[in-house]
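Visitor: Right, I'll just put the structure down here and ask away after.
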Amino acid sequence: MDKLIITGGVRLNGEIRISGAKNSALPILAATLLGDAPVTICNLPHLHDITTMIELFGRMGIEPIIDEKLSVEVDARAIKTLIAPYELVKTMRASILVLGPLVARFGEAEVALPGGCAIGSRPVDLHIRGLEAMGAIINVEAGYIKAKAPEGGLRGAHFFFDTVSVTGTENIMMAATLAKGRSVLENAAREPEVVDLANCLIAMGAKISGAGTDTITIDGVERLGGARFSVMPDRIETGTYLVAAAATGGRVKLKDTDPTALEAVLSKLQEAGAEVTTGADWIELDMKGKRPKAVNLRTAPYPAFPTDMQAQFIALNAIAEGTGTVIETVFENRFMHVYEMTRMGAQIMVEGNTAIVTGVDKLKGAPVMATDLRASASLVIAALVADGDTLIDRIYHIDRGYECIEEKLQMLGAKIRRVPG
């Protein structure tokens, strides 16, 4: 198993390009199953989860064509099986996103219950109930969701999400594009990735309004066609490099990104003492060598502060001036990185869903273990500001969400290298 060795104490400085968003690319790849002509997706990040989704298509009989720029052309007309097997699905929660498109387009699907990061309960009941509201008959047997559309296909429905669910919103929105009549999704997720998926579906011929608000209306159409679509920049990757620069007292310019998708994060970075300037597709952060100030934050669905940036800010608070309180309201098991950071000398007290972080002058390098994707990123940030060497184990989590993380950090001056397992 690969490991990262990081020698801390270097201020990050320089420019890097931000990759396409994994959390946008995966549902958009699933959406290609709805098209009855080839769909080309550009700006895909080169990540393990993307490779897994493409491999899943291969198992279904679809042979995606990948060009030298990592654009992928998918022609779902070649599909031979409607089963998403457990050995692929177990590593990637987003594989549940093929359920809605398969049932809507082909009338049935068999999708293994998914795996992914161990960050708490993320039930699929909203996906199932949404499809049942559209007339699907669903049974969960032997670890598989077996779904069948009613005779004549899915029907438009009015569906209220009990809790805000990004993948639930995406799955039901995709299914509704080919359902007969109008669907209205209430208490829908408002994330930019949901908007990106809606824009891709609209490019394929779908009729969708309200994406980005809590009520999305979809008028079903008879068919969706081909399209060429470019995935939005990754706002969480952007935020992670901004926090890394702020923690080290450095200066970075991030290109090919979208500042409008990161307002809550940029506001907290300014509160921490960073000078932030933005353009249409770039963000520059400069700490001018200063130590950050501790910030208080509370995670909540978009447009509030994202849960996927919580761990990175705990790393920032760990070496900041003062004490910061971090409240996690989205996932109940998302402080696993805290115990690894305390091995490096961080002073963090966890009480239920709240972490109280008292900044220390210096962290100390130590062997630590990544427990989930964003926890891994927070340990990288902690290692960048620690004295001495930090060895981060189980970095396959990092590779699920960050394209070429060591190369990008090296471009910013970090002393980081990958050691093959």
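Order determines the names: the first chain of the structure tokens is A, the second B, and so forth; residues in each chain are numbered 1 upward, and ligands are numbered 1 upward as they are shown.
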Determine which residues of stretch 21-104 of chain A receive a DSSP assignment of strand (DSSP E or B), computed from the backbone, and state them as a PyMOL selection string.

Guide: chain A and resi 35+39-42+65-66+72-74+83-84

Visitor: For stretch 311-323 of chain A, please output as a list in words all residues within 7 Å (counting only C-alpha atoms; exclusion window: fewer than 2 positions along the same chain).

Guide: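 Everything that qualifies: Thr240, Val243, Ala247, Arg291, Pro292, Lys293, Ala294, Val295, Met309, Thr325, Ala346, Gln347, Val357, Thr358, Gly359, Val360, Asp361, Lys362, Arg374, Ala375, Ala377, Ser378, Ile381 and Ala382 of chain A.
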
Visitor: Hey, which of A:Gly324, A:Gly58, A:Gly212, A:Gly8 ends up closest to A:Lys364? Count only C-alpha atoms.

Guide: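 Using only C-alpha atoms, the shortest distance to A:Lys364 belongs to A:Gly8.
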
Visitor: May I have the residues within 7 Å of A:Ile16 as a PyMOL selection string, using only C-alpha atoms and disregarding those fewer than 3 positions away in the same chain?

Guide: chain A and resi 253-255+408

Visitor: A:Gly20: which residues within 6 Å, counting only C-alpha atoms, same-chain residues fewer than 4 positions away excluded, as a PyMOL selection string?

Guide: chain A and resi 43-45+231-234

Visitor: Mind dumping the selected residues with N, CA, C and O atoms as a PDB file, in the first residue's frame?

Guide:
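Output file again.pdb follows:
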```
ATOM      1  N   ASN A  43     -12.882  17.232 -19.187  1.00  0.00           N
ATOM      2  CA  ASN A  43     -12.360  17.720 -17.898  1.00  0.00           C
ATOM      3  C   ASN A  43     -12.604  16.733 -16.766  1.00  0.00           C
ATOM      4  O   ASN A  43     -12.832  17.120 -15.618  1.00  0.00           O
ATOM      5  N   LEU A  44     -12.547  15.433 -17.083  1.00  0.00           N
ATOM      6  CA  LEU A  44     -12.663  14.415 -16.026  1.00  0.00           C
ATOM      7  C   LEU A  44     -11.360  14.350 -15.244  1.00  0.00           C
ATOM      8  O   LEU A  44     -10.279  14.352 -15.834  1.00  0.00           O
ATOM      9  N   PRO A  45     -11.431  14.279 -13.922  1.00  0.00           N
ATOM     10  CA  PRO A  45     -10.190  14.097 -13.154  1.00  0.00           C
ATOM     11  C   PRO A  45      -9.702  12.660 -13.279  1.00  0.00           C
ATOM     12  O   PRO A  45     -10.511  11.739 -13.409  1.00  0.00           O
ATOM     13  N   VAL A 231     -16.944  19.026 -17.311  1.00  0.00           N
ATOM     14  CA  VAL A 231     -17.212  18.967 -15.869  1.00  0.00           C
ATOM     15  C   VAL A 231     -16.681  20.235 -15.184  1.00  0.00           C
ATOM     16  O   VAL A 231     -15.614  20.751 -15.533  1.00  0.00           O
ATOM     17  N   MET A 232     -17.413  20.736 -14.208  1.00  0.00           N
ATOM     18  CA  MET A 232     -17.023  21.936 -13.446  1.00  0.00           C
ATOM     19  C   MET A 232     -15.730  21.678 -12.653  1.00  0.00           C
ATOM     20  O   MET A 232     -15.366  20.532 -12.400  1.00  0.00           O
ATOM     21  N   PRO A 233     -15.021  22.751 -12.233  1.00  0.00           N
ATOM     22  CA  PRO A 233     -13.826  22.577 -11.405  1.00  0.00           C
ATOM     23  C   PRO A 233     -14.189  22.045 -10.014  1.00  0.00           C
ATOM     24  O   PRO A 233     -15.305  22.245  -9.538  1.00  0.00           O
ATOM     25  N   ASP A 234     -13.238  21.390  -9.382  1.00  0.00           N
ATOM     26  CA  ASP A 234     -13.459  20.773  -8.068  1.00  0.00           C
ATOM     27  C   ASP A 234     -13.317  21.817  -6.958  1.00  0.00           C
ATOM     28  O   ASP A 234     -12.214  22.263  -6.644  1.00  0.00           O
TER      29      ASP A 234
END
```

Visitor: What is the atom CA of A:Ala386-atom CA of A:Ala246 distance in Å, reported with one decimal?

Guide: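 For atom CA of A:Ala386 relative to atom CA of A:Ala246, the distance reads 14.0 Å.
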
Visitor: Neighbours of A:Ala366 within 9 Å (only C-alpha atoms; same-chain residues fewer than 6 positions away dropped), as a ChimeraX atom specification?

Guide: /A:343-344,383,386,388-392

Visitor: Take the residues from that selection and write them out as a PDB file, in the first residue's frame, keeping all heavy atoms.

Guide:
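Below is the file result_24.pdb, written as the result:
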```
ATOM      1  N   ARG A 343      -1.820  12.664  17.652  1.00  0.00           N
ATOM      2  CA  ARG A 343      -0.516  11.983  17.662  1.00  0.00           C
ATOM      3  C   ARG A 343       0.607  12.923  17.232  1.00  0.00           C
ATOM      4  O   ARG A 343       1.773  12.704  17.535  1.00  0.00           O
ATOM      5  CB  ARG A 343      -0.535  10.765  16.715  1.00  0.00           C
ATOM      6  CG  ARG A 343      -1.421   9.622  17.185  1.00  0.00           C
ATOM      7  CD  ARG A 343      -1.686   8.604  16.083  1.00  0.00           C
ATOM      8  NE  ARG A 343      -0.478   8.174  15.402  1.00  0.00           N
ATOM      9  CZ  ARG A 343       0.380   7.289  15.878  1.00  0.00           C
ATOM     10  NH1 ARG A 343       0.182   6.743  17.059  1.00  0.00           N
ATOM     11  NH2 ARG A 343       1.445   6.948  15.183  1.00  0.00           N
ATOM     12  N   MET A 344       0.229  13.980  16.509  1.00  0.00           N
ATOM     13  CA  MET A 344       1.202  14.969  16.043  1.00  0.00           C
ATOM     14  C   MET A 344       1.305  16.167  17.001  1.00  0.00           C
ATOM     15  O   MET A 344       1.988  17.140  16.707  1.00  0.00           O
ATOM     16  CB  MET A 344       0.820  15.442  14.639  1.00  0.00           C
ATOM     17  CG  MET A 344       0.739  14.314  13.616  1.00  0.00           C
ATOM     18  SD  MET A 344       0.069  14.861  12.019  1.00  0.00           S
ATOM     19  CE  MET A 344       1.453  15.838  11.414  1.00  0.00           C
ATOM     20  N   ALA A 383       0.764  17.672   8.160  1.00  0.00           N
ATOM     21  CA  ALA A 383       2.159  17.276   7.905  1.00  0.00           C
ATOM     22  C   ALA A 383       2.965  18.425   7.307  1.00  0.00           C
ATOM     23  O   ALA A 383       4.154  18.582   7.602  1.00  0.00           O
ATOM     24  CB  ALA A 383       2.189  16.073   6.974  1.00  0.00           C
ATOM     25  N   ALA A 386       4.122  20.580  10.159  1.00  0.00           N
ATOM     26  CA  ALA A 386       4.756  19.907  11.297  1.00  0.00           C
ATOM     27  C   ALA A 386       6.277  19.967  11.199  1.00  0.00           C
ATOM     28  O   ALA A 386       6.840  20.045  10.095  1.00  0.00           O
ATOM     29  CB  ALA A 386       4.292  18.454  11.359  1.00  0.00           C
ATOM     30  N   GLY A 388       9.705  18.153  11.157  1.00  0.00           N
ATOM     31  CA  GLY A 388      10.191  16.804  10.846  1.00  0.00           C
ATOM     32  C   GLY A 388       9.331  16.097   9.813  1.00  0.00           C
ATOM     33  O   GLY A 388       8.550  16.718   9.078  1.00  0.00           O
ATOM     34  N   ASP A 389       9.488  14.774   9.769  1.00  0.00           N
ATOM     35  CA  ASP A 389       8.827  13.943   8.750  1.00  0.00           C
ATOM     36  C   ASP A 389       7.536  13.330   9.284  1.00  0.00           C
ATOM     37  O   ASP A 389       7.481  12.868  10.421  1.00  0.00           O
ATOM     38  CB  ASP A 389       9.752  12.800   8.309  1.00  0.00           C
ATOM     39  CG  ASP A 389      10.925  13.300   7.490  1.00  0.00           C
ATOM     40  OD1 ASP A 389      10.926  14.495   7.130  1.00  0.00           O
ATOM     41  OD2 ASP A 389      11.847  12.504   7.228  1.00  0.00           O
ATOM     42  N   THR A 390       6.514  13.313   8.420  1.00  0.00           N
ATOM     43  CA  THR A 390       5.257  12.608   8.717  1.00  0.00           C
ATOM     44  C   THR A 390       5.059  11.539   7.653  1.00  0.00           C
ATOM     45  O   THR A 390       5.174  11.824   6.456  1.00  0.00           O
ATOM     46  CB  THR A 390       4.060  13.575   8.708  1.00  0.00           C
ATOM     47  OG1 THR A 390       4.262  14.568   9.715  1.00  0.00           O
ATOM     48  CG2 THR A 390       2.754  12.846   8.988  1.00  0.00           C
ATOM     49  N   LEU A 391       4.762  10.335   8.095  1.00  0.00           N
ATOM     50  CA  LEU A 391       4.472   9.227   7.179  1.00  0.00           C
ATOM     51  C   LEU A 391       2.966   8.985   7.213  1.00  0.00           C
ATOM     52  O   LEU A 391       2.416   8.667   8.274  1.00  0.00           O
ATOM     53  CB  LEU A 391       5.218   7.964   7.618  1.00  0.00           C
ATOM     54  CG  LEU A 391       4.963   6.730   6.751  1.00  0.00           C
ATOM     55  CD1 LEU A 391       5.855   6.732   5.526  1.00  0.00           C
ATOM     56  CD2 LEU A 391       5.169   5.454   7.551  1.00  0.00           C
ATOM     57  N   ILE A 392       2.296   9.169   6.073  1.00  0.00           N
ATOM     58  CA  ILE A 392       0.841   8.960   5.995  1.00  0.00           C
ATOM     59  C   ILE A 392       0.566   7.643   5.293  1.00  0.00           C
ATOM     60  O   ILE A 392       0.932   7.454   4.134  1.00  0.00           O
ATOM     61  CB  ILE A 392       0.136  10.119   5.262  1.00  0.00           C
ATOM     62  CG1 ILE A 392       0.472  11.458   5.927  1.00  0.00           C
ATOM     63  CG2 ILE A 392      -1.379   9.898   5.249  1.00  0.00           C
ATOM     64  CD1 ILE A 392      -0.126  12.668   5.239  1.00  0.00           C
TER      65      ILE A 392
END
```

Visitor: Using DSSP secondary structure from the backbone, list all helix (DSSP H, G or I) positions within stretch 270-317 of chain A, as a list in words.

Guide: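 These are the residues in question: Gln270, Glu271, Thr307, Asp308, Met309, Gln310, Ala311, Gln312, Phe313, Ile314, Ala315, Leu316 and Asn317 of chain A.
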
Visitor: Near A:Val124, within 9 Å and counting only C-alpha atoms, which residues show up once chain neighbours fewer than 5 positions away are dropped, as a list in words?

Guide: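 Near A:Val124, the qualifying residues are Ile96, Leu113, Pro114, Arg129 and Gly168 of chain A.
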
Visitor: Suppose we keep N, CA, C and O atoms; can you now write the selection as a short mmCIF file (atom, residue, chain, number, x, y, z; two decimals), in the first residue's frame?

Guide:
```
data_model
loop_
_atom_site.label_atom_id
_atom_site.label_comp_id
_atom_site.auth_asym_id
_atom_site.auth_seq_id
_atom_site.Cartn_x
_atom_site.Cartn_y
_atom_site.Cartn_z
N ILE A 96 -24.26 3.98 -6.84
CA ILE A 96 -25.72 3.96 -6.70
C ILE A 96 -26.37 4.87 -7.74
O ILE A 96 -27.54 4.70 -8.09
N LEU A 113 -25.76 -2.83 -3.06
CA LEU A 113 -25.72 -1.76 -2.06
C LEU A 113 -24.29 -1.26 -1.97
O LEU A 113 -23.35 -2.05 -1.91
N PRO A 114 -24.10 0.07 -1.97
CA PRO A 114 -22.75 0.61 -2.17
C PRO A 114 -21.89 0.67 -0.91
O PRO A 114 -22.36 0.56 0.21
N ARG A 129 -37.20 5.29 -2.27
CA ARG A 129 -38.54 5.86 -2.12
C ARG A 129 -38.87 6.82 -3.26
O ARG A 129 -40.02 6.90 -3.71
N GLY A 168 -29.17 11.49 -3.69
CA GLY A 168 -30.60 11.21 -3.83
C GLY A 168 -31.25 12.16 -4.83
O GLY A 168 -31.99 11.73 -5.72
#
```
